[in-house]
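Trainee: Structure below; questions to follow.
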Amino acid sequence: MPTVRSAVRLAAASVLSLLAACATHEMDFQGEGAGFVGQGAPVMAVLETPSVGTVGDDAADDPAVWASATPVTVMGRQTSGFVAGTDKKSGLYIYGFDGQVLQFMPEGLLNNVDVVEGLSVAGRPQLVLGASDRTPGKTGVALYLFDPAGTGDNGVRYWGSIATDVVEPYGFCFGRRGDEIHAVLVGHEGELRQFVLTADAAGAPAAREVRRAEIGSISEGCAADEGTDALYVNEENVGLWRYGLDPASGAARTLVQPIAPGVLVADAEGLTTLADGQARYLIGSSQGDSTFPVWRIDGAAPEYKGRFVVVDGAVDGVTGTDGLAALGGPVGPFPEGLVVIQDDVNDIGTQNFKYVDWRAIREALGL
């Protein structure tokens with residue numbers, strides 16, 4: 001039988017082991033994976049994607065939405081745009097606006113993904129996708145291209161990468177400043193790295209680092225608002241920060257919303273922006289209570305407008321969300337905008353993504 005002293009030593013070793021693990025891995029909080037849902041205006045998702053391929057794991061993570069004014073072809077199928085979604089254990093999915101898989105790329109440990117227009121490569125306008133990449137030997141930002149004018153087996157294709165000193169790339173988002181495309185990487189331990197992305201004469205990606213800062217602790221979700229030249233970052237156990245998107249602003253920031261019951265509950269996860277006419281909104285994921293706070297951000301300062309929850313309807317509700325993405329205006333069959341949300345606890349199969357009509361959220365919150 002172990003002595004009291006040996007039992008204490010074993011307990012201490014267990015605590016040290018746990019602390020070491022927490023230094024490099026995500027931590028679970030109330031709600032993450034448990035299905036706990038706080039108070040918020042109820043809305044329903046209208047459809048969902050198939051489960052991601054990684055079974056029995058925390059795998060689906062972050063989506064991005066892109067819509068085209070004219071039809072495009074993805075792997076031989078015509079569509080008006082697509083949703084990109086990460087399986088952070090295996091790669092990148094491309095979904096149609098009906099939720100069905102158009103393409104899967106086994107690209108490794110991609111965590112957060114975003115899309116941006118406005119870059120020409122070898123004389124052709126391209127859509128650029130970027131994803132934080134945690135794959136050993138490839139850590140940084142993985143970059144992909146999609147040719148909107150392509151035909152036949154045209155699909156998303158690997159372009160290159162941005163190397164970084166960040167040990168565990170986590171959050172990622174694009175932002176536009178005039179003609180410049182800025183790529184923002186957030187590290188697990190709170191590192192912030194910002195790059196200006198271009199294509200060189202040979203058509204390869206070129207990235208110039210323009211800012212580095214320390215957020216403070218574990219952080220992930222980020223979203224840029226070009227209209228106010230702002231960058232929003234969620235520090236998971238502290239709250240929502242507003243930085244300038246201008247890299248010259250350095251580490252200066254304002255705490256928009258601290259972690260607080262009934263508004264933003266740890267851990268604060270994904271962020272996305274949406275333009276609705278002249279109004280612009282920021283939507284966050286309050287993962288600790290499976291709710292989604294919304295701020296109007298086109299004024300002098302962000303204005304909190306309330307929270308919504310995604311409840312059971314045509315498909316099951318949403319809990320424990322890691323990442324989400326939104327796009328206003330016509331988005332395929334969604335005439336005024338679409339919000340895509342990762343679902344941690346999916347009723348059938350493994351984790352997936354849910355599609356919510358922006359009109360339902362706007363009505364529920366009285367926006």
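Scheme for the structure tokens: letters A, B, ... for chains in order shown; per-chain residue numbers from 1; ligand numbers from 1 in order shown.
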Env of Tyr95 (chain A): 8 Å cut, atoms = only C-alpha atoms, seq-sep filter 5 positions within chain, self excluded. Answer as a list in words.
Mentor: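 Contacts, in chain order: Thr49, Phe82, Val83, Ala84, Gly85, Gln100, Val101, Leu102 and Gln103 of chain A.
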Trainee: Keeping only all heavy atoms, write the selected residues to a file as a short mmCIF file (atom, residue, chain, number, x, y, z; two decimals), in the first residue's frame.
Mentor:
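This is the output file result_36.cif:
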```
data_model
loop_
_atom_site.label_atom_id
_atom_site.label_comp_id
_atom_site.auth_asym_id
_atom_site.auth_seq_id
_atom_site.Cartn_x
_atom_site.Cartn_y
_atom_site.Cartn_z
N THR A 49 -23.86 20.78 -42.83
CA THR A 49 -22.96 19.98 -43.65
C THR A 49 -22.92 18.55 -43.11
O THR A 49 -23.32 18.29 -41.98
CB THR A 49 -21.54 20.56 -43.62
OG1 THR A 49 -20.98 20.38 -42.31
CG2 THR A 49 -21.54 22.03 -44.00
N PHE A 82 -18.93 29.42 -52.13
CA PHE A 82 -18.74 28.24 -51.29
C PHE A 82 -18.41 28.62 -49.86
O PHE A 82 -18.12 29.78 -49.54
CB PHE A 82 -17.66 27.31 -51.87
CG PHE A 82 -16.30 27.96 -52.08
CD1 PHE A 82 -15.46 28.27 -51.01
CD2 PHE A 82 -15.85 28.23 -53.36
CE1 PHE A 82 -14.22 28.84 -51.20
CE2 PHE A 82 -14.60 28.81 -53.58
CZ PHE A 82 -13.79 29.11 -52.49
N VAL A 83 -18.44 27.60 -49.02
CA VAL A 83 -18.00 27.69 -47.63
C VAL A 83 -16.77 26.82 -47.48
O VAL A 83 -16.78 25.66 -47.89
CB VAL A 83 -19.11 27.22 -46.66
CG1 VAL A 83 -18.58 27.14 -45.22
CG2 VAL A 83 -20.32 28.14 -46.74
N ALA A 84 -15.71 27.36 -46.91
CA ALA A 84 -14.53 26.57 -46.56
C ALA A 84 -14.60 26.26 -45.07
O ALA A 84 -14.98 27.12 -44.28
CB ALA A 84 -13.25 27.33 -46.89
N GLY A 85 -14.26 25.03 -44.70
CA GLY A 85 -14.31 24.65 -43.29
C GLY A 85 -13.16 23.72 -42.95
O GLY A 85 -12.83 22.82 -43.73
N GLN A 100 -23.41 20.52 -49.09
CA GLN A 100 -22.74 19.31 -49.58
C GLN A 100 -21.26 19.57 -49.91
O GLN A 100 -20.88 20.68 -50.25
CB GLN A 100 -23.46 18.78 -50.82
CG GLN A 100 -24.89 18.33 -50.52
CD GLN A 100 -24.96 17.33 -49.39
OE1 GLN A 100 -24.36 16.25 -49.46
NE2 GLN A 100 -25.70 17.67 -48.34
N VAL A 101 -20.46 18.52 -49.78
CA VAL A 101 -19.02 18.64 -50.00
C VAL A 101 -18.73 18.77 -51.49
O VAL A 101 -19.15 17.93 -52.30
CB VAL A 101 -18.28 17.42 -49.43
CG1 VAL A 101 -16.78 17.51 -49.74
CG2 VAL A 101 -18.50 17.30 -47.92
N LEU A 102 -18.02 19.83 -51.86
CA LEU A 102 -17.55 20.01 -53.23
C LEU A 102 -16.12 19.51 -53.40
O LEU A 102 -15.74 19.05 -54.48
CB LEU A 102 -17.60 21.49 -53.61
CG LEU A 102 -18.97 22.17 -53.62
CD1 LEU A 102 -18.83 23.66 -53.88
CD2 LEU A 102 -19.88 21.54 -54.67
N GLN A 103 -15.33 19.61 -52.33
CA GLN A 103 -13.92 19.26 -52.42
C GLN A 103 -13.38 19.03 -51.01
O GLN A 103 -13.82 19.67 -50.06
CB GLN A 103 -13.13 20.39 -53.10
CG GLN A 103 -11.66 20.12 -53.33
CD GLN A 103 -10.96 21.30 -54.01
OE1 GLN A 103 -11.57 22.34 -54.25
NE2 GLN A 103 -9.67 21.16 -54.28
#
```
Trainee: So, with only C-alpha atoms as the atoms that count, which of A:Asn352, A:Ser217, A:Ser120, A:Ser90 lies closest to Ile181 (chain A)?
Mentor: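 Going through A:Asn352, A:Ser217, A:Ser120, A:Ser90 one by one, the smallest distance to Ile181 (chain A) is for A:Ser120.
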Trainee: Extract, using only C-alpha atoms, all DNA, RNA and protein residues at most 12 Å from Pro148 (chain A), discarding same-chain residues fewer than 2 positions from it, and format them as a ChimeraX atom specification.
Mentor: /A:66-75,78-82,117-120,124-128,145-146,150-152,154-156
Trainee: For the residues in the current selection, export N, CA, C and O atoms as a compact mmCIF listing (two decimals), in the first residue's frame.
Mentor:
```
# COMPACT_ATOMS: atom_id res chain seq x y z
N TRP A 66 -17.57 32.67 -48.99
CA TRP A 66 -17.32 33.52 -50.16
C TRP A 66 -18.47 33.35 -51.15
O TRP A 66 -18.94 32.24 -51.39
N ALA A 67 -18.95 34.48 -51.71
CA ALA A 67 -20.01 34.45 -52.71
C ALA A 67 -19.58 35.19 -53.95
O ALA A 67 -18.83 36.18 -53.88
N SER A 68 -20.06 34.73 -55.12
CA SER A 68 -19.72 35.32 -56.40
C SER A 68 -20.97 35.90 -57.04
O SER A 68 -22.06 35.33 -56.94
N ALA A 69 -20.80 37.03 -57.73
CA ALA A 69 -21.93 37.64 -58.43
C ALA A 69 -22.30 36.87 -59.69
O ALA A 69 -23.41 37.00 -60.20
N THR A 70 -21.37 36.05 -60.17
CA THR A 70 -21.62 35.22 -61.35
C THR A 70 -21.30 33.77 -61.01
O THR A 70 -20.48 33.51 -60.12
N PRO A 71 -21.91 32.79 -61.69
CA PRO A 71 -21.64 31.40 -61.36
C PRO A 71 -20.16 31.03 -61.54
O PRO A 71 -19.48 31.55 -62.43
N VAL A 72 -19.67 30.16 -60.68
CA VAL A 72 -18.31 29.65 -60.78
C VAL A 72 -18.36 28.13 -60.78
O VAL A 72 -19.39 27.53 -60.43
N THR A 73 -17.25 27.51 -61.16
CA THR A 73 -17.18 26.05 -61.20
C THR A 73 -16.18 25.55 -60.18
O THR A 73 -15.03 26.02 -60.15
N VAL A 74 -16.62 24.64 -59.33
CA VAL A 74 -15.75 24.00 -58.34
C VAL A 74 -15.78 22.51 -58.59
O VAL A 74 -16.82 21.86 -58.42
N MET A 75 -14.67 21.96 -59.02
CA MET A 75 -14.54 20.53 -59.28
C MET A 75 -15.67 20.01 -60.17
O MET A 75 -16.31 18.99 -59.89
N GLN A 78 -21.23 23.59 -60.79
CA GLN A 78 -21.49 25.02 -60.82
C GLN A 78 -22.11 25.47 -59.50
O GLN A 78 -22.98 24.81 -58.94
N THR A 79 -21.67 26.62 -59.02
CA THR A 79 -22.15 27.15 -57.76
C THR A 79 -22.01 28.67 -57.78
O THR A 79 -21.36 29.24 -58.67
N SER A 80 -22.63 29.35 -56.83
CA SER A 80 -22.52 30.80 -56.73
C SER A 80 -21.55 31.21 -55.62
O SER A 80 -21.52 32.36 -55.20
N GLY A 81 -20.73 30.27 -55.18
CA GLY A 81 -19.77 30.52 -54.12
C GLY A 81 -19.59 29.27 -53.28
O GLY A 81 -20.04 28.19 -53.65
N PHE A 82 -18.93 29.42 -52.13
CA PHE A 82 -18.74 28.24 -51.29
C PHE A 82 -18.41 28.62 -49.86
O PHE A 82 -18.12 29.78 -49.54
N GLU A 117 -10.52 38.54 -51.51
CA GLU A 117 -10.41 38.85 -52.93
C GLU A 117 -9.41 39.98 -53.13
O GLU A 117 -8.99 40.63 -52.19
N GLY A 118 -9.05 40.23 -54.41
CA GLY A 118 -8.27 41.41 -54.72
C GLY A 118 -6.82 41.17 -55.06
O GLY A 118 -6.06 42.14 -55.18
N LEU A 119 -6.41 39.93 -55.24
CA LEU A 119 -5.02 39.64 -55.59
C LEU A 119 -4.96 38.98 -56.96
O LEU A 119 -5.71 38.03 -57.22
N SER A 120 -4.09 39.48 -57.83
CA SER A 120 -3.85 38.84 -59.12
C SER A 120 -2.56 38.04 -59.05
O SER A 120 -1.55 38.52 -58.51
N ARG A 124 -3.91 36.88 -63.42
CA ARG A 124 -5.31 36.43 -63.30
C ARG A 124 -5.82 36.73 -61.89
O ARG A 124 -5.17 36.37 -60.90
N PRO A 125 -7.00 37.38 -61.78
CA PRO A 125 -7.58 37.62 -60.46
C PRO A 125 -7.88 36.29 -59.76
O PRO A 125 -8.47 35.39 -60.34
N GLN A 126 -7.46 36.20 -58.49
CA GLN A 126 -7.61 34.97 -57.73
C GLN A 126 -8.28 35.24 -56.38
O GLN A 126 -8.10 36.31 -55.79
N LEU A 127 -9.02 34.27 -55.92
CA LEU A 127 -9.47 34.26 -54.54
C LEU A 127 -8.39 33.57 -53.73
O LEU A 127 -7.90 32.50 -54.11
N VAL A 128 -8.00 34.17 -52.61
CA VAL A 128 -6.96 33.60 -51.75
C VAL A 128 -7.60 33.07 -50.48
O VAL A 128 -8.41 33.75 -49.84
N LEU A 145 -5.29 29.02 -53.55
CA LEU A 145 -5.90 29.88 -54.56
C LEU A 145 -7.11 29.20 -55.16
O LEU A 145 -7.18 27.97 -55.25
N PHE A 146 -8.07 30.03 -55.57
CA PHE A 146 -9.20 29.58 -56.37
C PHE A 146 -9.38 30.56 -57.51
O PHE A 146 -9.43 31.77 -57.29
N GLY A 150 -12.14 29.84 -63.67
CA GLY A 150 -11.75 28.50 -64.08
C GLY A 150 -12.94 27.64 -64.45
O GLY A 150 -14.09 27.91 -64.10
N THR A 151 -12.66 26.56 -65.18
CA THR A 151 -13.72 25.64 -65.63
C THR A 151 -13.28 24.20 -65.34
O THR A 151 -12.18 23.95 -64.86
N GLY A 152 -14.13 23.26 -65.66
CA GLY A 152 -13.79 21.84 -65.54
C GLY A 152 -13.50 21.43 -64.11
O GLY A 152 -14.32 21.65 -63.22
N ASN A 154 -11.68 22.73 -62.01
CA ASN A 154 -11.22 23.88 -61.24
C ASN A 154 -11.61 23.71 -59.77
O ASN A 154 -12.76 23.44 -59.44
N GLY A 155 -10.65 23.86 -58.90
CA GLY A 155 -10.92 23.76 -57.47
C GLY A 155 -9.93 24.59 -56.70
O GLY A 155 -9.07 25.29 -57.27
N VAL A 156 -10.04 24.55 -55.38
CA VAL A 156 -9.07 25.21 -54.52
C VAL A 156 -7.76 24.44 -54.62
O VAL A 156 -7.74 23.21 -54.56
```
Trainee: Could you name the residues that touch Asp61 (chain A) at 12 Å or less, counting only C-alpha atoms, but leaving out those on the same chain fewer than 4 positions away, as number ranges by chain?
Mentor: A: 51-52, 54, 57, 84-93, 109-113, 131-132, 170-172, 220-221, 269-270, 320-325, 340-344, 350-354
Trainee: If we count only C-alpha atoms, what is near Tyr144 (chain A) at a cut-off of 7 Å, once residues fewer than 2 positions away on the same chain are taken out, given as a PDB file with all heavy atoms, in the first residue's frame?
Mentor:
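Once written, selection06.pdb looks like this:
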```pdb
ATOM      1  N   VAL A 128      -8.001  34.173 -52.607  1.00  0.00           N
ATOM      2  CA  VAL A 128      -6.962  33.601 -51.753  1.00  0.00           C
ATOM      3  C   VAL A 128      -7.597  33.074 -50.476  1.00  0.00           C
ATOM      4  O   VAL A 128      -8.410  33.749 -49.839  1.00  0.00           O
ATOM      5  CB  VAL A 128      -5.889  34.642 -51.402  1.00  0.00           C
ATOM      6  CG1 VAL A 128      -4.788  34.015 -50.545  1.00  0.00           C
ATOM      7  CG2 VAL A 128      -5.287  35.249 -52.673  1.00  0.00           C
ATOM      8  N   LEU A 129      -7.252  31.850 -50.103  1.00  0.00           N
ATOM      9  CA  LEU A 129      -7.632  31.273 -48.826  1.00  0.00           C
ATOM     10  C   LEU A 129      -6.372  31.122 -47.986  1.00  0.00           C
ATOM     11  O   LEU A 129      -5.307  30.743 -48.500  1.00  0.00           O
ATOM     12  CB  LEU A 129      -8.294  29.900 -48.989  1.00  0.00           C
ATOM     13  CG  LEU A 129      -9.659  29.847 -49.671  1.00  0.00           C
ATOM     14  CD1 LEU A 129      -9.517  29.834 -51.183  1.00  0.00           C
ATOM     15  CD2 LEU A 129     -10.440  28.611 -49.212  1.00  0.00           C
ATOM     16  N   GLY A 130      -6.467  31.437 -46.717  1.00  0.00           N
ATOM     17  CA  GLY A 130      -5.358  31.256 -45.792  1.00  0.00           C
ATOM     18  C   GLY A 130      -5.833  30.506 -44.565  1.00  0.00           C
ATOM     19  O   GLY A 130      -6.977  30.665 -44.135  1.00  0.00           O
ATOM     20  N   ALA A 142      -0.864  28.380 -44.177  1.00  0.00           N
ATOM     21  CA  ALA A 142      -0.983  27.714 -45.471  1.00  0.00           C
ATOM     22  C   ALA A 142      -1.863  28.563 -46.378  1.00  0.00           C
ATOM     23  O   ALA A 142      -2.906  29.070 -45.957  1.00  0.00           O
ATOM     24  CB  ALA A 142      -1.583  26.319 -45.311  1.00  0.00           C
ATOM     25  N   PHE A 146      -8.072  30.033 -55.571  1.00  0.00           N
ATOM     26  CA  PHE A 146      -9.202  29.577 -56.371  1.00  0.00           C
ATOM     27  C   PHE A 146      -9.382  30.561 -57.506  1.00  0.00           C
ATOM     28  O   PHE A 146      -9.428  31.772 -57.291  1.00  0.00           O
ATOM     29  CB  PHE A 146     -10.485  29.482 -55.544  1.00  0.00           C
ATOM     30  CG  PHE A 146     -11.694  29.122 -56.365  1.00  0.00           C
ATOM     31  CD1 PHE A 146     -11.885  27.820 -56.801  1.00  0.00           C
ATOM     32  CD2 PHE A 146     -12.625  30.086 -56.731  1.00  0.00           C
ATOM     33  CE1 PHE A 146     -12.983  27.483 -57.586  1.00  0.00           C
ATOM     34  CE2 PHE A 146     -13.731  29.757 -57.497  1.00  0.00           C
ATOM     35  CZ  PHE A 146     -13.896  28.447 -57.928  1.00  0.00           C
ATOM     36  N   VAL A 156     -10.041  24.549 -55.380  1.00  0.00           N
ATOM     37  CA  VAL A 156      -9.070  25.213 -54.521  1.00  0.00           C
ATOM     38  C   VAL A 156      -7.759  24.439 -54.622  1.00  0.00           C
ATOM     39  O   VAL A 156      -7.744  23.208 -54.558  1.00  0.00           O
ATOM     40  CB  VAL A 156      -9.576  25.260 -53.067  1.00  0.00           C
ATOM     41  CG1 VAL A 156      -8.513  25.831 -52.142  1.00  0.00           C
ATOM     42  CG2 VAL A 156     -10.862  26.092 -52.986  1.00  0.00           C
ATOM     43  N   ARG A 157      -6.642  25.153 -54.766  1.00  0.00           N
ATOM     44  CA  ARG A 157      -5.348  24.497 -54.917  1.00  0.00           C
ATOM     45  C   ARG A 157      -4.309  25.149 -54.008  1.00  0.00           C
ATOM     46  O   ARG A 157      -4.376  26.349 -53.734  1.00  0.00           O
ATOM     47  CB  ARG A 157      -4.878  24.560 -56.375  1.00  0.00           C
ATOM     48  CG  ARG A 157      -4.624  25.960 -56.889  1.00  0.00           C
ATOM     49  CD  ARG A 157      -4.443  25.989 -58.400  1.00  0.00           C
ATOM     50  NE  ARG A 157      -4.003  27.292 -58.898  1.00  0.00           N
ATOM     51  CZ  ARG A 157      -4.796  28.329 -59.089  1.00  0.00           C
ATOM     52  NH1 ARG A 157      -6.098  28.239 -58.818  1.00  0.00           N
ATOM     53  NH2 ARG A 157      -4.309  29.470 -59.551  1.00  0.00           N
ATOM     54  N   TYR A 158      -3.357  24.341 -53.576  1.00  0.00           N
ATOM     55  CA  TYR A 158      -2.307  24.841 -52.701  1.00  0.00           C
ATOM     56  C   TYR A 158      -1.434  25.843 -53.440  1.00  0.00           C
ATOM     57  O   TYR A 158      -1.066  25.636 -54.598  1.00  0.00           O
ATOM     58  CB  TYR A 158      -1.454  23.675 -52.199  1.00  0.00           C
ATOM     59  CG  TYR A 158      -0.348  24.099 -51.257  1.00  0.00           C
ATOM     60  CD1 TYR A 158      -0.640  24.490 -49.954  1.00  0.00           C
ATOM     61  CD2 TYR A 158       0.979  24.111 -51.685  1.00  0.00           C
ATOM     62  CE1 TYR A 158       0.374  24.889 -49.097  1.00  0.00           C
ATOM     63  CE2 TYR A 158       1.993  24.503 -50.831  1.00  0.00           C
ATOM     64  CZ  TYR A 158       1.691  24.893 -49.527  1.00  0.00           C
ATOM     65  OH  TYR A 158       2.699  25.286 -48.686  1.00  0.00           O
ATOM     66  N   TRP A 159      -1.082  26.932 -52.773  1.00  0.00           N
ATOM     67  CA  TRP A 159      -0.271  27.994 -53.369  1.00  0.00           C
ATOM     68  C   TRP A 159       1.100  28.114 -52.709  1.00  0.00           C
ATOM     69  O   TRP A 159       2.110  28.283 -53.374  1.00  0.00           O
ATOM     70  CB  TRP A 159      -1.031  29.315 -53.290  1.00  0.00           C
ATOM     71  CG  TRP A 159      -0.366  30.471 -53.971  1.00  0.00           C
ATOM     72  CD1 TRP A 159       0.418  30.436 -55.096  1.00  0.00           C
ATOM     73  CD2 TRP A 159      -0.445  31.851 -53.585  1.00  0.00           C
ATOM     74  NE1 TRP A 159       0.835  31.708 -55.438  1.00  0.00           N
ATOM     75  CE2 TRP A 159       0.313  32.587 -54.532  1.00  0.00           C
ATOM     76  CE3 TRP A 159      -1.091  32.538 -52.558  1.00  0.00           C
ATOM     77  CZ2 TRP A 159       0.451  33.988 -54.456  1.00  0.00           C
ATOM     78  CZ3 TRP A 159      -0.975  33.912 -52.491  1.00  0.00           C
ATOM     79  CH2 TRP A 159      -0.224  34.626 -53.423  1.00  0.00           C
ATOM     80  N   GLY A 160       1.149  28.046 -51.400  1.00  0.00           N
ATOM     81  CA  GLY A 160       2.405  28.226 -50.689  1.00  0.00           C
ATOM     82  C   GLY A 160       2.144  28.448 -49.219  1.00  0.00           C
ATOM     83  O   GLY A 160       1.095  28.052 -48.692  1.00  0.00           O
TER      84      GLY A 160
END
```
Trainee: Would you give me, as number ranges by chain, the residues in region 141-318 of chain A that DSSP reads as strand (DSSP E)?
Mentor: A: 141-146, 157-163, 169-177, 180-187, 191-199, 205-214, 219-225, 230-235, 239-244, 253-258, 268-276, 279-286, 292-296, 303-311
Trainee: Figure out the distance between CA of Thr135 (chain A) and CA of Arg193 (chain A), please, to one decimal in Å.
Mentor: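 According to the coordinates, CA of Arg193 (chain A) and CA of Thr135 (chain A) are separated by 18.2 Å.
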Trainee: Tell me, in Å to one decimal, how far CA of Leu264 (chain A) is from CA of Trp241 (chain A).
Mentor: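 Going from CA of Leu264 (chain A) over to CA of Trp241 (chain A), I get 12.3 Å.
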Trainee: With distances taken over only C-alpha atoms, which residue among A:Val318, A:Val141, A:Leu255, A:Ala300 lies nearest Ser286 (chain A)?
Mentor: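 Between A:Val318, A:Val141, A:Leu255, A:Ala300, the residue approaching Ser286 (chain A) most closely is A:Val318.
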Trainee: Please indicate the distance in Å from CA of Glu214 (chain A) to CA of Leu245 (chain A), rounded to one decimal place.
Mentor: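 It comes out at 15.1 Å.
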Trainee: Can you work out which one of A:Leu231, A:Leu185, A:Val196, A:Leu367 has the shortest atom-to-atom distance to Ser219 (chain A), counting only C-alpha atoms?
Mentor: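 Among the listed residues, A:Leu185 lies closest to Ser219 (chain A).
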Trainee: Determine, counting only C-alpha atoms, which protein, DNA and RNA residues have an atom within 7 Å of an atom of Leu338 (chain A); residues of the same chain fewer than 4 positions away are not included. Present the result as a VMD selection string.
Mentor: chain A and resid 326 to 328 331 334 355 to 358
Trainee: Counting only C-alpha atoms, what is within 6 Å of region 283-285 of chain A, bar same-chain residues fewer than 4 positions away, as a count of residues only?
Mentor: 7
Trainee: Using only C-alpha atoms, which of A:Cys173, A:Ala41, A:Ile218, A:Val345 sits nearest Asp316 (chain A)?
Mentor: A:Val345
Trainee: Residues of region 37-66 of chain A that have any atom at most 12 Å from an atom of region 360-364 of chain A: could you tabulate them with the shortest-distance atom pair and the distance in Å to one decimal, using only C-alpha atoms, ordered by chain and increasing number, as CSV?
Mentor:
```
residue,atom,partner,partner_atom,distance
A:Gly40,CA,A:Ala364,CA,9.3
A:Ala41,CA,A:Ala364,CA,5.8
A:Pro42,CA,A:Ala364,CA,6.9
A:Val43,CA,A:Ala360,CA,6.2
A:Met44,CA,A:Ala360,CA,7.7
A:Ala45,CA,A:Ala360,CA,9.0
A:Val46,CA,A:Ala360,CA,10.0
```
Trainee: For those residues, write N, CA and C atoms to a file as a tab-separated table (two decimals), in the first residue's frame.
Mentor:
```tsv
chain	number	residue	atom	x	y	z
A	40	GLY	N	-30.31	33.59	-24.65
A	40	GLY	CA	-30.13	34.38	-25.86
A	40	GLY	C	-31.37	34.26	-26.72
A	41	ALA	N	-31.51	35.16	-27.68
A	41	ALA	CA	-32.66	35.11	-28.59
A	41	ALA	C	-32.54	33.86	-29.46
A	42	PRO	N	-33.58	33.02	-29.51
A	42	PRO	CA	-33.47	31.76	-30.25
A	42	PRO	C	-33.60	31.95	-31.76
A	43	VAL	N	-32.72	31.30	-32.51
A	43	VAL	CA	-32.82	31.19	-33.96
A	43	VAL	C	-32.58	29.74	-34.34
A	44	MET	N	-32.92	29.38	-35.56
A	44	MET	CA	-32.73	28.01	-36.02
A	44	MET	C	-31.84	27.99	-37.26
A	45	ALA	N	-31.01	26.97	-37.35
A	45	ALA	CA	-30.25	26.74	-38.58
A	45	ALA	C	-31.17	26.12	-39.62
A	46	VAL	N	-30.91	26.41	-40.89
A	46	VAL	CA	-31.77	25.88	-41.95
A	46	VAL	C	-31.20	24.61	-42.58
```
Trainee: Looking at only C-alpha atoms, which of A:Asn346, A:Asn237, A:Thr139, A:Gln257 is the one that sits closest to Gln287 (chain A)?
Mentor: A:Asn237
